[in-house]
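Participant: target27.cif is reproduced below (mmCIF, C-alpha atoms).
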```cif
data_run
#
loop_
_atom_site.group_PDB
_atom_site.id
_atom_site.type_symbol
_atom_site.label_atom_id
_atom_site.label_comp_id
_atom_site.auth_asym_id
_atom_site.auth_seq_id
_atom_site.Cartn_x
_atom_site.Cartn_y
_atom_site.Cartn_z
ATOM 1 C CA MET S 1 -9.322 34.289 34.196
ATOM 2 C CA THR S 2 -6.733 35.555 36.675
ATOM 3 C CA LEU S 3 -3.017 35.197 35.989
ATOM 4 C CA ASP S 4 -2.603 32.668 38.830
ATOM 5 C CA LEU S 5 -5.452 30.532 37.514
ATOM 6 C CA HIS S 6 -4.011 30.697 33.999
ATOM 7 C CA GLU S 7 -0.627 29.550 35.288
ATOM 8 C CA ASP S 8 -2.181 26.712 37.288
ATOM 9 C CA GLU S 9 -4.197 25.480 34.320
ATOM 10 C CA SER S 10 -1.169 25.720 32.025
ATOM 11 C CA ARG S 11 0.955 23.728 34.440
ATOM 12 C CA ARG S 12 -1.749 21.078 34.801
ATOM 13 C CA ALA S 13 -2.191 20.777 31.016
ATOM 14 C CA GLN S 14 1.588 20.527 30.500
ATOM 15 C CA LYS S 15 1.891 17.838 33.158
ATOM 16 C CA SER S 16 -0.938 15.774 31.751
ATOM 17 C CA ALA S 17 0.453 15.953 28.194
ATOM 18 C CA ASP S 18 3.956 15.128 29.451
ATOM 19 C CA ARG S 19 2.682 12.064 31.292
ATOM 20 C CA TRP S 20 1.474 10.574 27.970
ATOM 21 C CA LEU S 21 4.564 11.759 26.120
ATOM 22 C CA ILE S 22 6.961 10.246 28.692
ATOM 23 C CA VAL S 23 5.178 6.862 28.775
ATOM 24 C CA GLY S 24 5.055 6.825 24.947
ATOM 25 C CA SER S 25 8.770 7.687 24.747
ATOM 26 C CA ILE S 26 9.753 4.974 27.222
ATOM 27 C CA LEU S 27 7.774 2.398 25.212
ATOM 28 C CA MET S 28 9.216 3.582 21.874
ATOM 29 C CA GLY S 29 12.713 3.894 23.349
ATOM 30 C CA SER S 30 12.570 0.236 24.345
ATOM 31 C CA LEU S 31 12.781 -0.672 20.626
ATOM 32 C CA VAL S 32 10.483 -3.737 20.695
ATOM 33 C CA LEU S 33 7.464 -1.964 22.236
ATOM 34 C CA GLY S 34 7.663 0.872 19.687
ATOM 35 C CA PRO S 35 4.293 0.155 17.980
ATOM 36 C CA LEU S 36 2.558 0.366 21.391
ATOM 37 C CA GLY S 37 4.319 3.608 22.280
ATOM 38 C CA LEU S 38 3.396 5.595 19.178
ATOM 39 C CA PRO S 39 -0.366 5.992 19.872
ATOM 40 C CA VAL S 40 0.380 6.885 23.514
ATOM 41 C CA PHE S 41 2.884 9.508 22.363
ATOM 42 C CA CYS S 42 0.411 10.890 19.779
ATOM 43 C CA ARG S 43 -2.220 11.297 22.521
ATOM 44 C CA GLY S 44 0.309 13.451 24.443
ATOM 45 C CA ILE S 45 0.918 15.590 21.346
ATOM 46 C CA TYR S 46 -2.863 15.957 20.874
ATOM 47 C CA LEU S 47 -3.292 17.125 24.493
ATOM 48 C CA LEU S 48 -0.440 19.608 24.133
ATOM 49 C CA ARG S 49 -1.912 20.984 20.915
ATOM 50 C CA LYS S 50 -5.333 21.295 22.538
ATOM 51 C CA ALA S 51 -3.826 23.259 25.439
ATOM 52 C CA GLN S 52 -1.990 25.497 22.993
ATOM 53 C CA THR S 53 -5.126 26.331 20.997
ATOM 54 C CA ALA S 54 -6.985 26.980 24.268
ATOM 55 C CA GLY S 55 -4.466 29.770 24.910
ATOM 56 C CA LEU S 56 -2.561 28.135 27.785
ATOM 57 C CA SER S 57 1.186 28.752 28.159
ATOM 58 C CA VAL S 58 2.692 25.359 27.467
ATOM 59 C CA ARG S 59 6.026 24.297 25.957
ATOM 60 C CA PRO S 60 6.304 25.122 22.206
ATOM 61 C CA MET S 61 5.481 22.154 19.931
ATOM 62 C CA MET S 62 8.843 22.321 18.119
ATOM 63 C CA VAL S 63 10.793 22.127 21.409
ATOM 64 C CA THR S 64 8.631 19.173 22.490
ATOM 65 C CA LEU S 65 9.111 17.239 19.251
ATOM 66 C CA ILE S 66 12.871 17.849 18.991
ATOM 67 C CA GLY S 67 13.464 16.986 22.668
ATOM 68 C CA TYR S 68 11.538 13.722 22.628
ATOM 69 C CA VAL S 69 12.841 12.607 19.207
ATOM 70 C CA ILE S 70 16.440 13.064 20.383
ATOM 71 C CA ILE S 71 15.783 11.054 23.567
ATOM 72 C CA ILE S 72 13.975 8.238 21.716
ATOM 73 C CA ASP S 73 16.690 8.067 19.038
ATOM 74 C CA ALA S 74 19.440 7.754 21.666
ATOM 75 C CA ALA S 75 17.468 5.183 23.714
ATOM 76 C CA ILE S 76 16.676 2.916 20.739
ATOM 77 C CA ASN S 77 20.272 2.898 19.540
ATOM 78 C CA SER S 78 21.643 2.399 23.070
ATOM 79 C CA ILE S 79 19.594 -0.784 23.449
ATOM 80 C CA GLY S 80 20.520 -2.163 20.019
ATOM 81 C CA TRP S 81 24.218 -1.406 20.288
ATOM 82 C CA GLY S 82 24.309 -2.226 24.016
ATOM 83 C CA LEU S 83 23.158 -5.739 23.103
ATOM 84 C CA ASP S 84 25.844 -5.920 20.412
ATOM 85 C CA VAL S 85 28.612 -5.066 22.926
ATOM 86 C CA PHE S 86 27.429 -6.704 26.139
ATOM 87 C CA ALA S 87 25.112 -9.529 25.042
ATOM 88 C CA ASN S 88 26.496 -10.547 21.670
ATOM 89 C CA HIS S 89 26.292 -14.263 22.488
ATOM 90 C CA ALA S 90 22.672 -14.194 23.656
ATOM 91 C CA LEU S 91 20.374 -16.238 21.445
ATOM 92 C CA ILE S 92 18.188 -13.209 20.587
ATOM 93 C CA THR S 93 21.232 -11.165 19.497
ATOM 94 C CA ARG S 94 22.734 -13.971 17.439
ATOM 95 C CA THR S 95 19.392 -14.564 15.729
ATOM 96 C CA ILE S 96 17.951 -11.095 15.167
ATOM 97 C CA PHE S 97 21.173 -9.174 14.551
ATOM 98 C CA THR S 98 22.569 -11.611 12.026
ATOM 99 C CA ALA S 99 19.178 -11.902 10.285
ATOM 100 C CA TRP S 100 18.994 -8.111 10.075
ATOM 101 C CA GLY S 101 22.625 -8.056 8.904
ATOM 102 C CA ASN S 102 21.818 -10.588 6.224
ATOM 103 C CA LEU S 103 18.939 -8.381 5.121
ATOM 104 C CA MET S 104 20.711 -5.033 4.652
ATOM 105 C CA ASP S 105 24.053 -4.666 6.464
ATOM 106 C CA GLY S 106 26.766 -7.341 6.217
ATOM 107 C CA GLY S 107 28.619 -5.603 9.085
ATOM 108 C CA TYR S 108 26.253 -7.548 11.357
ATOM 109 C CA PHE S 109 26.613 -10.813 9.458
ATOM 110 C CA TRP S 110 30.164 -11.037 8.140
ATOM 111 C CA HIS S 111 32.386 -12.670 10.840
ATOM 112 C CA TYR S 112 29.777 -11.904 13.494
ATOM 113 C CA ASN S 113 31.115 -12.720 16.985
ATOM 114 C CA GLU S 114 34.554 -13.578 15.577
ATOM 115 C CA LEU S 115 36.541 -10.569 16.869
ATOM 116 C CA TRP S 116 38.000 -10.761 20.417
ATOM 117 C CA ILE S 117 35.213 -8.531 21.684
ATOM 118 C CA GLY S 118 32.317 -10.245 19.866
ATOM 119 C CA GLY S 119 29.354 -8.693 18.075
ATOM 120 C CA ALA S 120 29.658 -6.801 14.791
ATOM 121 C CA GLY S 121 32.893 -7.608 12.982
ATOM 122 C CA ALA S 122 32.961 -4.888 10.295
ATOM 123 C CA PRO S 123 36.136 -2.743 10.328
ATOM 124 C CA GLY S 124 35.648 0.431 12.366
ATOM 125 C CA GLU S 125 32.077 -0.443 13.369
ATOM 126 C CA LYS S 126 32.943 -1.315 16.972
ATOM 127 C CA SER S 127 34.668 2.044 17.547
ATOM 128 C CA TRP S 128 31.535 3.905 16.457
ATOM 129 C CA ILE S 129 29.325 1.665 18.581
ATOM 130 C CA ILE S 130 31.391 2.220 21.731
ATOM 131 C CA ILE S 131 31.862 5.980 21.329
ATOM 132 C CA CYS S 132 28.111 6.310 20.760
ATOM 133 C CA ILE S 133 26.856 4.260 23.694
ATOM 134 C CA VAL S 134 29.471 5.636 26.101
ATOM 135 C CA VAL S 135 29.604 9.319 25.106
ATOM 136 C CA VAL S 136 27.075 10.441 22.495
ATOM 137 C CA PHE S 137 23.830 8.781 23.600
ATOM 138 C CA PRO S 138 24.048 9.556 27.348
ATOM 139 C CA MET S 139 24.874 13.152 26.359
ATOM 140 C CA ARG S 140 21.855 13.236 24.041
ATOM 141 C CA ILE S 141 19.446 11.901 26.660
ATOM 142 C CA ALA S 142 20.675 14.349 29.335
ATOM 143 C CA ALA S 143 20.505 17.253 26.864
ATOM 144 C CA GLY S 144 17.018 16.173 25.723
ATOM 145 C CA ILE S 145 15.635 16.078 29.277
ATOM 146 C CA ALA S 146 17.038 19.530 30.170
ATOM 147 C CA PHE S 147 15.870 20.880 26.773
ATOM 148 C CA LEU S 148 12.314 19.691 27.510
ATOM 149 C CA GLN S 149 12.550 21.400 30.903
ATOM 150 C CA MET S 150 13.401 24.574 28.936
ATOM 151 C CA LYS S 151 16.691 25.070 30.771
ATOM 152 C CA ARG S 152 19.475 27.220 29.336
ATOM 153 C CA TRP S 153 22.057 24.413 29.541
ATOM 154 C CA GLY S 154 19.558 22.068 27.865
ATOM 155 C CA HIS S 155 19.455 24.347 24.829
ATOM 156 C CA GLN S 156 23.242 24.705 24.770
ATOM 157 C CA TRP S 157 23.881 20.974 25.136
ATOM 158 C CA MET S 158 21.227 20.185 22.552
ATOM 159 C CA ILE S 159 23.256 22.249 20.072
ATOM 160 C CA VAL S 160 26.445 20.412 21.117
ATOM 161 C CA THR S 161 24.844 16.968 20.811
ATOM 162 C CA CYS S 162 23.239 17.744 17.441
ATOM 163 C CA TRP S 163 26.606 18.795 16.018
ATOM 164 C CA PHE S 164 28.103 15.668 17.580
ATOM 165 C CA GLY S 165 25.354 13.684 15.827
ATOM 166 C CA LEU S 166 26.406 15.191 12.522
ATOM 167 C CA ILE S 167 30.065 14.259 13.083
ATOM 168 C CA THR S 168 29.042 10.760 14.147
ATOM 169 C CA TRP S 169 26.838 10.125 11.135
ATOM 170 C CA LEU S 170 29.259 11.584 8.616
ATOM 171 C CA GLY S 171 32.135 9.558 10.110
ATOM 172 C CA TYR S 172 29.985 6.427 10.293
ATOM 173 C CA ILE S 173 28.799 6.710 6.689
ATOM 174 C CA ILE S 174 32.295 7.463 5.344
ATOM 175 C CA ASN S 175 33.600 4.430 7.262
ATOM 176 C CA MET S 176 30.946 2.137 5.847
ATOM 177 C CA THR S 177 31.481 3.471 2.329
ATOM 178 C CA MET S 178 35.208 2.657 2.628
ATOM 179 C CA TYR S 179 34.298 -0.920 3.635
ATOM 180 C CA ALA S 180 31.229 -1.158 1.389
ATOM 181 C CA ASP S 181 32.318 -4.565 0.111
ATOM 182 C CA VAL S 182 32.074 -5.937 3.650
ATOM 183 C CA ARG S 183 28.804 -4.180 4.424
ATOM 184 C CA TYR S 184 26.860 -4.910 1.243
ATOM 185 C CA ALA S 185 28.269 -7.990 -0.476
ATOM 186 C CA GLY S 186 25.782 -10.860 -0.375
ATOM 187 C CA VAL S 187 23.006 -9.043 1.543
ATOM 188 C CA ALA S 188 19.365 -9.029 0.397
ATOM 189 C CA PHE S 189 18.825 -5.246 0.124
ATOM 190 C CA PRO S 190 22.184 -3.504 -0.300
ATOM 191 C CA VAL S 191 22.489 0.327 -0.194
ATOM 192 C CA LEU S 192 18.821 1.298 -0.690
ATOM 193 C CA GLY S 193 17.592 -0.967 2.138
ATOM 194 C CA TRP S 194 20.190 0.417 4.528
ATOM 195 C CA TRP S 195 19.485 4.061 3.662
ATOM 196 C CA LEU S 196 15.705 3.625 3.905
ATOM 197 C CA TYR S 197 16.066 2.034 7.331
ATOM 198 C CA ASN S 198 18.586 4.526 8.674
ATOM 199 C CA ILE S 199 17.372 7.830 7.257
ATOM 200 C CA PHE S 200 15.149 8.357 10.320
ATOM 201 C CA TYR S 201 18.134 8.029 12.631
ATOM 202 C CA ILE S 202 20.326 10.242 10.454
ATOM 203 C CA THR S 203 17.989 13.231 10.247
ATOM 204 C CA PRO S 204 17.728 14.558 13.868
ATOM 205 C CA PHE S 205 20.608 16.957 13.263
ATOM 206 C CA LEU S 206 18.283 18.819 10.885
ATOM 207 C CA ALA S 207 17.199 20.528 14.141
ATOM 208 C CA ILE S 208 20.489 22.501 14.085
ATOM 209 C CA PRO S 209 19.149 25.543 12.147
ATOM 210 C CA TYR S 210 16.151 25.777 14.517
ATOM 211 C CA LEU S 211 18.371 25.512 17.597
ATOM 212 C CA HIS S 212 20.637 28.295 16.328
ATOM 213 C CA THR S 213 17.810 30.652 15.362
ATOM 214 C CA VAL S 214 15.260 30.152 18.173
ATOM 215 C CA ASN S 215 14.990 33.030 20.647
ATOM 216 C CA ARG S 216 17.248 31.642 23.390
ATOM 217 C CA GLU S 217 15.602 33.838 26.028
ATOM 218 C CA ILE S 218 12.729 31.325 26.211
ATOM 219 C CA PHE S 219 15.229 28.941 27.864
ATOM 220 C CA SER S 220 15.730 30.110 31.439
ATOM 221 C CA ASP S 221 18.548 29.536 33.934
ATOM 222 C CA MET N 1 7.044 30.303 17.526
ATOM 223 C CA ALA N 2 9.074 32.833 19.458
ATOM 224 C CA ASP N 3 8.847 36.518 18.545
ATOM 225 C CA ARG N 4 11.159 37.581 15.779
ATOM 226 C CA ILE N 5 14.041 39.791 16.855
ATOM 227 C CA PRO N 6 15.605 42.243 14.384
ATOM 228 C CA MET N 7 18.791 40.770 12.933
ATOM 229 C CA SER N 8 22.133 42.521 13.087
ATOM 230 C CA ASP N 9 24.623 42.350 10.227
ATOM 231 C CA GLN N 10 26.815 40.086 12.310
ATOM 232 C CA ASP N 11 23.914 37.689 12.882
ATOM 233 C CA ARG N 12 23.111 37.687 9.181
ATOM 234 C CA ARG N 13 26.724 36.780 8.337
ATOM 235 C CA ARG N 14 26.699 34.020 10.950
ATOM 236 C CA HIS N 15 23.503 32.573 9.522
ATOM 237 C CA ARG N 16 24.899 32.663 6.006
ATOM 238 C CA ALA N 17 28.058 30.861 7.146
ATOM 239 C CA LEU N 18 25.909 28.248 8.916
ATOM 240 C CA ILE N 19 23.872 27.642 5.761
ATOM 241 C CA VAL N 20 26.993 27.307 3.579
ATOM 242 C CA PHE N 21 28.591 24.931 6.089
ATOM 243 C CA GLN N 22 25.462 22.788 6.232
ATOM 244 C CA ILE N 23 25.279 22.555 2.446
ATOM 245 C CA VAL N 24 28.896 21.318 2.439
ATOM 246 C CA VAL N 25 28.426 18.663 5.155
ATOM 247 C CA TYR N 26 25.047 17.407 3.924
ATOM 248 C CA GLY N 27 26.544 17.385 0.426
ATOM 249 C CA ALA N 28 29.364 15.155 1.697
ATOM 250 C CA MET N 29 26.782 12.763 3.142
ATOM 251 C CA ILE N 30 24.777 12.670 -0.095
ATOM 252 C CA ALA N 31 28.047 12.139 -2.013
ATOM 253 C CA MET N 32 28.663 9.003 0.097
ATOM 254 C CA PHE N 33 25.180 7.790 -0.839
ATOM 255 C CA PHE N 34 25.900 8.300 -4.545
ATOM 256 C CA ILE N 35 29.270 6.523 -4.256
ATOM 257 C CA GLN N 36 27.487 3.540 -2.672
ATOM 258 C CA LEU N 37 24.763 3.675 -5.326
ATOM 259 C CA GLN N 38 27.359 3.660 -8.114
ATOM 260 C CA MET N 39 29.033 0.612 -6.482
ATOM 261 C CA PHE N 40 25.623 -1.049 -6.156
ATOM 262 C CA PHE N 41 25.148 -0.892 -9.966
ATOM 263 C CA VAL N 42 28.725 -1.890 -10.815
ATOM 264 C CA LYS N 43 29.486 -4.604 -8.264
ATOM 265 C CA GLU N 44 26.465 -6.904 -8.476
ATOM 266 C CA TRP N 45 26.111 -7.255 -4.695
#
```
Any chance you could put this one into structure tokens?
Facilitator:
Amino acid sequence: MTLDLHEDESRRAQKSADRWLIVGSILMGSLVLGPLGLPVFCRGIYLLRKAQTAGLSVRPMMVTLIGYVIIIDAAINSIGWGLDVFANHALITRTIFTAWGNLMDGGYFWHYNELWIGGAGAPGEKSWIIICIVVVFPMRIAAGIAFLQMKRWGHQWMIVTCWFGLITWLGYIINMTMYADVRYAGVAFPVLGWWLYNIFYITPFLAIPYLHTVNREIFSD
Amino acid sequence: MADRIPMSDQDRRRHRALIVFQIVVYGAMIAMFFIQLQMFFVKEW
């Protein structure tokens, strides 16, 4: 196989895998269509893996997984918290959010829609919601896209956004521990329910050691 | 995985500092979990 042919085939394989991965991510990022998106996403991963074992030069698996997970995480939370800020009086928000709050997080049940701004009424919660949907999540999605394109600034901003994610989660968890009586009193599954549900959102910053140790020359200008 | 590049002493020190820092911040997060767990047993939520 000539070098040109190898490059062409690699590009084609990458494109075809990315098509499945992007559609799967959009479905999963929409929150409600998540179960439909997962098999589509897995098909993309399978195609990428197949191309890798066939010896084609495609994007490393770890870069692919970290990039897409960061984008999906930011998209899911943007929709949920976007509804809490901008559509807190919609029937679906009043029903699902307060039911979920009643299940594991009283911050979405206690005095819901009773502050001047509406939505979650737990002390401090609104500040975290707004800083996340205005600053952190857009930054994460932009960084994730450039990271998947293997750009130098994508790698740098991925490091920035992962550290930001750590600050956000630590601040968020300390805040909710301070107001634990608001968040957990009278809910069906206090503490353990919340941690089980949220652990998947908390963990993306575990990518930090990889991002700091990966050979940065693979990310080009 | 990318090819391994030989590590300088400075890099090794940086990595060690990163590991120590991560243990501290993840430890803080786990400490919050244990504080909540202790409240969970005491407060009868």
Participant: Counting all atoms listed in the file, figure out which residue out of S:Pro35, S:Pro60, S:Pro204, S:Gly80 gets nearest to chain N.
Facilitator: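 Ranked by minimum distance to chain N, first place goes to S:Pro60.
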Participant: For chain S against chain N, which residues fall within 9 Å using only C-alpha atoms, given as a PDB file with C-alpha atoms, keeping the file's coordinate frame?
Facilitator:
```pdb
ATOM      1  CA  PRO S  60       6.304  25.122  22.206  1.00  0.00           C
ATOM      2  CA  MET S  61       5.481  22.154  19.931  1.00  0.00           C
ATOM      3  CA  MET S  62       8.843  22.321  18.119  1.00  0.00           C
ATOM      4  CA  LEU S 166      26.406  15.191  12.522  1.00  0.00           C
ATOM      5  CA  TRP S 169      26.838  10.125  11.135  1.00  0.00           C
ATOM      6  CA  LEU S 170      29.259  11.584   8.616  1.00  0.00           C
ATOM      7  CA  ILE S 173      28.799   6.710   6.689  1.00  0.00           C
ATOM      8  CA  ILE S 174      32.295   7.463   5.344  1.00  0.00           C
ATOM      9  CA  THR S 177      31.481   3.471   2.329  1.00  0.00           C
ATOM     10  CA  ALA S 180      31.229  -1.158   1.389  1.00  0.00           C
ATOM     11  CA  ASP S 181      32.318  -4.565   0.111  1.00  0.00           C
ATOM     12  CA  TYR S 184      26.860  -4.910   1.243  1.00  0.00           C
ATOM     13  CA  ALA S 185      28.269  -7.990  -0.476  1.00  0.00           C
ATOM     14  CA  GLY S 186      25.782 -10.860  -0.375  1.00  0.00           C
ATOM     15  CA  VAL S 187      23.006  -9.043   1.543  1.00  0.00           C
ATOM     16  CA  ALA S 188      19.365  -9.029   0.397  1.00  0.00           C
ATOM     17  CA  PHE S 189      18.825  -5.246   0.124  1.00  0.00           C
ATOM     18  CA  PRO S 190      22.184  -3.504  -0.300  1.00  0.00           C
ATOM     19  CA  VAL S 191      22.489   0.327  -0.194  1.00  0.00           C
ATOM     20  CA  LEU S 192      18.821   1.298  -0.690  1.00  0.00           C
ATOM     21  CA  TRP S 195      19.485   4.061   3.662  1.00  0.00           C
ATOM     22  CA  PRO S 209      19.149  25.543  12.147  1.00  0.00           C
ATOM     23  CA  HIS S 212      20.637  28.295  16.328  1.00  0.00           C
ATOM     24  CA  THR S 213      17.810  30.652  15.362  1.00  0.00           C
ATOM     25  CA  VAL S 214      15.260  30.152  18.173  1.00  0.00           C
ATOM     26  CA  ASN S 215      14.990  33.030  20.647  1.00  0.00           C
ATOM     27  CA  ILE S 218      12.729  31.325  26.211  1.00  0.00           C
TER      28      ILE S 218
END
```
Participant: Using all atoms of segment 27-37 of chain N that appear in the file, construct an axis-aligned enclosing box with 4 Å of padding on every side and provide its centre coordinates and edge lengths in Å, rounded to one decimal, as JSON.
Facilitator:
```
{"center_x": 27.1, "center_y": 10.5, "center_z": -1.1, "size_x": 12.6, "size_y": 21.8, "size_z": 16.5}
```
Participant: Starting from the PyMOL selection byres ((chain S and resi 141-154) around 8), expand the selection into actual residues of this file and give them as number ranges by chain.
Facilitator: S: 59, 63-64, 67-68, 70-71, 74-75, 137-140, 155-158, 161, 216, 218-221
Participant: Starting from the PyMOL selection byres ((chain S and resi 22) around 12), expand the selection into actual residues of this file and give them as a PyMOL selection string.
Facilitator: chain S and resi 14-21+23-29+37-38+40-45+64-65+67-69+71-72+145+148
Participant: What is the atom CA of Asn175 of chain S-atom CA of Trp110 of chain S distance in Å, reported with one decimal?
Facilitator: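 Calculated distance between atom CA of Asn175 of chain S and atom CA of Trp110 of chain S is 15.9 Å.
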Participant: Can you work out which one of S:His89, S:Ala51, S:Arg11, S:Arg183 has the shortest atom-to-atom distance to Glu114 of chain S, counting all atoms listed in the file?
Facilitator: S:His89
Participant: Expressed in Å to a single decimal, how great is the separation between atom CA of Ala122 of chain S and atom CA of Gly107 of chain S?
Facilitator: 4.6 Å
Participant: Name the closest residue to Leu83 of chain S among the candidates S:Ala13, S:Val182, S:Leu48, S:Ile133; distances are taken between atoms, counting all atoms listed in the file.
Facilitator: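 Answer, going by the shortest atom-to-atom distance: S:Ile133.
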Participant: Since the input is missing atoms for segment 15-42 of chain N, could you rebuild it with N, CA and C atoms and give the result as a compact mmCIF listing (two decimals), in the coordinates of the input?
Facilitator:
```txt
# COMPACT_ATOMS: atom_id res chain seq x y z
N HIS N 15 24.51 33.47 10.10
CA HIS N 15 23.50 32.57 9.52
C HIS N 15 23.92 32.10 8.14
N ARG N 16 24.48 33.04 7.36
CA ARG N 16 24.90 32.66 6.01
C ARG N 16 26.01 31.61 6.07
N ALA N 17 26.95 31.82 6.99
CA ALA N 17 28.06 30.86 7.15
C ALA N 17 27.51 29.49 7.57
N LEU N 18 26.51 29.50 8.45
CA LEU N 18 25.91 28.25 8.92
C LEU N 18 25.24 27.51 7.76
N ILE N 19 24.55 28.26 6.91
CA ILE N 19 23.87 27.64 5.76
C ILE N 19 24.90 27.04 4.80
N VAL N 20 25.96 27.81 4.50
CA VAL N 20 26.99 27.31 3.58
C VAL N 20 27.64 26.04 4.15
N PHE N 21 27.96 26.08 5.45
CA PHE N 21 28.59 24.93 6.09
C PHE N 21 27.69 23.70 6.02
N GLN N 22 26.39 23.92 6.27
CA GLN N 22 25.46 22.79 6.23
C GLN N 22 25.36 22.21 4.83
N ILE N 23 25.34 23.07 3.82
CA ILE N 23 25.28 22.56 2.45
C ILE N 23 26.49 21.66 2.17
N VAL N 24 27.67 22.10 2.66
CA VAL N 24 28.90 21.32 2.44
C VAL N 24 28.81 19.95 3.14
N VAL N 25 28.41 19.95 4.43
CA VAL N 25 28.43 18.66 5.16
C VAL N 25 27.31 17.72 4.70
N TYR N 26 26.12 18.28 4.43
CA TYR N 26 25.05 17.41 3.92
C TYR N 26 25.41 16.91 2.52
N GLY N 27 26.08 17.77 1.77
CA GLY N 27 26.54 17.39 0.43
C GLY N 27 27.51 16.21 0.51
N ALA N 28 28.40 16.25 1.51
CA ALA N 28 29.36 15.16 1.70
C ALA N 28 28.61 13.85 1.98
N MET N 29 27.56 13.95 2.80
CA MET N 29 26.78 12.76 3.14
C MET N 29 26.06 12.20 1.91
N ILE N 30 25.48 13.11 1.12
CA ILE N 30 24.78 12.67 -0.10
C ILE N 30 25.78 12.09 -1.09
N ALA N 31 27.00 12.66 -1.12
CA ALA N 31 28.05 12.14 -2.01
C ALA N 31 28.36 10.68 -1.65
N MET N 32 28.41 10.39 -0.34
CA MET N 32 28.66 9.00 0.10
C MET N 32 27.56 8.08 -0.42
N PHE N 33 26.31 8.59 -0.35
CA PHE N 33 25.18 7.79 -0.84
C PHE N 33 25.35 7.49 -2.33
N PHE N 34 25.74 8.51 -3.10
CA PHE N 34 25.90 8.30 -4.54
C PHE N 34 27.07 7.37 -4.86
N ILE N 35 28.14 7.45 -4.05
CA ILE N 35 29.27 6.52 -4.26
C ILE N 35 28.79 5.08 -4.04
N GLN N 36 28.01 4.89 -2.96
CA GLN N 36 27.49 3.54 -2.67
C GLN N 36 26.54 3.07 -3.77
N LEU N 37 25.73 4.02 -4.28
CA LEU N 37 24.76 3.68 -5.33
C LEU N 37 25.49 3.25 -6.61
N GLN N 38 26.57 3.99 -6.92
CA GLN N 38 27.36 3.66 -8.11
C GLN N 38 27.96 2.27 -7.97
N MET N 39 28.48 1.95 -6.74
CA MET N 39 29.03 0.61 -6.48
C MET N 39 27.95 -0.45 -6.62
N PHE N 40 26.76 -0.12 -6.13
CA PHE N 40 25.62 -1.05 -6.16
C PHE N 40 25.33 -1.50 -7.60
N PHE N 41 25.43 -0.55 -8.57
CA PHE N 41 25.15 -0.89 -9.97
C PHE N 41 26.30 -1.64 -10.62
N VAL N 42 27.54 -1.32 -10.18
CA VAL N 42 28.72 -1.89 -10.82
C VAL N 42 29.07 -3.27 -10.26
```
